[in-house]
Structure formats: C-alpha cells, structure tokens
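K.L.:
One structure coming up, written as structure tokens, with questions to follow.
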Amino acid sequence: MMLQTTVYAAARSRAHGPTAALWHAVEVHRPTAEVDGACELTLCGSLARVSTELVWPVAASDVCPACTVLARC
C-alpha cells in the first residue's frame with residue numbers, strides 16, 4: 001500500500017493592469033529546492049513564481065480565493 005501526500009508551495013503572481021498580485025498554491029511533485037524561483041502553474045490555472053520561503057497556506061490578506069478552496073479538496 002502506498003500513501004501519497006500532497007504538498008503545496010506558495011507562489012506569487014505578478015500584477016497585471018487592474019489585477020493585483022496574489023499568493024497562489026502550487027502542487028509540488030519534486031524537491032522544493034528545484035522549484036524555488038521558477039514559474040509554475042498554480043491550482044487556479046495562473047502562472048506564478050514559487051517561493052520556498054513561505055509555507056502554504058500563506059498568512060496574508062492577498063491570497064487567491066480559488067487556490068484556497070482547491071487546496072482544501
């Protein structure tokens with residue numbers, strides 16, 4: 001029997017026009033050192049730069065609501 005654990009990293013998107021920069025969740029399938037600073041696809045479908053300095057969920061007010069819901073599933 002195999003137990004699989006889902007690990008999420010925090011990632012920061014860029015602000016685009018009226019859209020503010022948000023913190024997103026990225027599902028990680030390799031060591032976090034390999035994804036630090038890389039742009040990855042987030043749970044909600046955005047591209048964001050991974051930051052291994054912060055743990056998901058991020059304790060901030062500018063967190064993507066879609067990623068928050070999807071990370072709980």
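Labels for the structure tokens follow display order: chains A, B, ..., residues from 1 in each chain, ligands from 1.
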I'd like the contact shell of Val58 (chain A) - 10 Å cut-off, only C-alpha atoms, skipping same-chain residues fewer than 6 positions apart - returned as a list of chain:residue names.
P.N.:
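Those residues are A:Ala9, A:Ala10, A:Ala11, A:Trp23, A:His24, A:Ala25, A:Thr68.
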K.L.:
Within 6 Å of region 43-51 of chain A, counting only C-alpha atoms, which residues qualify if same-chain residues fewer than 5 places away don't, as a compact mmCIF listing (two decimals) with all heavy atoms, in the first residue's frame?
P.N.:
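Here's the written file selection-v9.txt:
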```txt
# COMPACT_ATOMS: atom_id res chain seq x y z
N ALA A 10 3.95 27.95 -1.83
CA ALA A 10 3.37 29.27 -2.06
C ALA A 10 4.04 29.90 -3.26
O ALA A 10 5.25 29.74 -3.47
CB ALA A 10 3.57 30.15 -0.83
N ALA A 11 3.26 30.60 -4.08
CA ALA A 11 3.80 31.24 -5.27
C ALA A 11 3.15 32.61 -5.43
O ALA A 11 1.96 32.77 -5.16
CB ALA A 11 3.54 30.38 -6.50
N ARG A 12 3.90 33.57 -5.88
CA ARG A 12 3.42 34.95 -6.03
C ARG A 12 3.22 35.27 -7.50
O ARG A 12 4.13 35.11 -8.31
CB ARG A 12 4.43 35.91 -5.42
CG ARG A 12 4.00 37.34 -5.37
CD ARG A 12 3.01 37.56 -4.29
NE ARG A 12 2.81 39.00 -4.11
CZ ARG A 12 1.88 39.49 -3.35
NH1 ARG A 12 1.06 38.70 -2.69
NH2 ARG A 12 1.75 40.77 -3.22
N SER A 13 2.02 35.72 -7.85
CA SER A 13 1.74 36.13 -9.22
C SER A 13 2.16 37.58 -9.41
O SER A 13 2.42 38.29 -8.45
CB SER A 13 0.25 35.96 -9.55
OG SER A 13 -0.52 36.84 -8.76
N ALA A 25 -1.34 28.73 -4.67
CA ALA A 25 -0.82 27.42 -4.27
C ALA A 25 -0.37 26.66 -5.50
O ALA A 25 -1.04 26.67 -6.53
CB ALA A 25 -1.90 26.62 -3.55
N VAL A 26 0.79 26.02 -5.40
CA VAL A 26 1.34 25.19 -6.46
C VAL A 26 1.56 23.79 -5.90
O VAL A 26 2.19 23.63 -4.85
CB VAL A 26 2.69 25.75 -6.98
CG1 VAL A 26 3.34 24.81 -7.97
CG2 VAL A 26 2.49 27.12 -7.59
N ASP A 36 12.28 26.46 -6.51
CA ASP A 36 12.42 27.78 -5.91
C ASP A 36 12.72 28.83 -6.97
O ASP A 36 13.70 28.73 -7.69
CB ASP A 36 13.52 27.77 -4.85
CG ASP A 36 13.57 29.06 -4.06
OD1 ASP A 36 12.52 29.75 -3.99
OD2 ASP A 36 14.62 29.40 -3.52
N GLY A 37 11.83 29.80 -7.08
CA GLY A 37 12.03 30.89 -8.04
C GLY A 37 11.52 30.59 -9.43
O GLY A 37 11.48 31.47 -10.28
N ALA A 38 11.08 29.38 -9.69
CA ALA A 38 10.58 29.02 -11.01
C ALA A 38 9.12 29.43 -11.15
O ALA A 38 8.38 29.48 -10.17
CB ALA A 38 10.70 27.52 -11.24
N ALA A 66 -9.54 31.15 -5.08
CA ALA A 66 -9.72 29.88 -5.79
C ALA A 66 -8.68 28.85 -5.32
O ALA A 66 -9.02 27.69 -5.10
CB ALA A 66 -9.62 30.10 -7.30
N CYS A 67 -7.44 29.26 -5.17
CA CYS A 67 -6.39 28.34 -4.70
C CYS A 67 -6.67 27.89 -3.28
O CYS A 67 -6.44 26.73 -2.93
CB CYS A 67 -5.02 29.00 -4.77
SG CYS A 67 -4.33 29.08 -6.43
```
K.L.:
If you run DSSP over the backbone, which residues in chain A end up helix (DSSP H, G or I)? Put them as number ranges by chain.
P.N.:
A: 32-35, 65-72
K.L.:
In Å, how far is it from CA of Tyr8 (chain A) to CA of Val55 (chain A)?
P.N.:
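Computing it gives 7.8 Å between the two atoms.
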K.L.:
Excluding same-chain residues fewer than 2 positions from Thr6 (chain A), what lies within 9 Å of it counting only C-alpha atoms, as an mmCIF file with C-alpha atoms, in the first residue's frame?
P.N.:
```cif
data_model
loop_
_atom_site.group_PDB
_atom_site.id
_atom_site.type_symbol
_atom_site.label_atom_id
_atom_site.label_comp_id
_atom_site.auth_asym_id
_atom_site.auth_seq_id
_atom_site.Cartn_x
_atom_site.Cartn_y
_atom_site.Cartn_z
ATOM 1 C CA GLN A 4 0.600 9.783 -1.201
ATOM 2 C CA TYR A 8 1.756 22.759 -1.785
ATOM 3 C CA GLU A 27 1.242 21.393 -6.153
ATOM 4 C CA VAL A 28 4.833 20.193 -5.778
ATOM 5 C CA HIS A 29 5.955 16.832 -7.178
#
```
K.L.:
To one decimal place, how far is CA of Thr52 (chain A) from CA of Val7 (chain A) in Å?
P.N.:
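A separation of 11.8 Å between them.
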K.L.:
Determine which residues of region 7-71 of chain A DSSP labels as strand (DSSP E) from the backbone of this structure, then write them out as a list in words.
P.N.:
Val7, Tyr8, Ala9, Ala10, Ala11, Arg12, Trp23, His24, Ala25, Val26, Glu27, Val28, Cys39, Glu40, Leu41, Leu47, Ala48, Arg49, Val50, Ser51, Thr52, Glu53, Leu54 and Val55 of chain A
K.L.:
Can you tell me how far CA of Ala71 (chain A) sits from CA of Ala15 (chain A), in Å to one decimal?
P.N.:
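Between CA of Ala71 (chain A) and CA of Ala15 (chain A) the gap is 22.0 Å.
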K.L.:
Applying 7 Å and only C-alpha atoms, which residues near Asp62 (chain A) remain after dropping the ones on its own chain fewer than 2 positions away? List them as an MDAnalysis selection string.
P.N.:
chainID A and resid 22:23 60 64
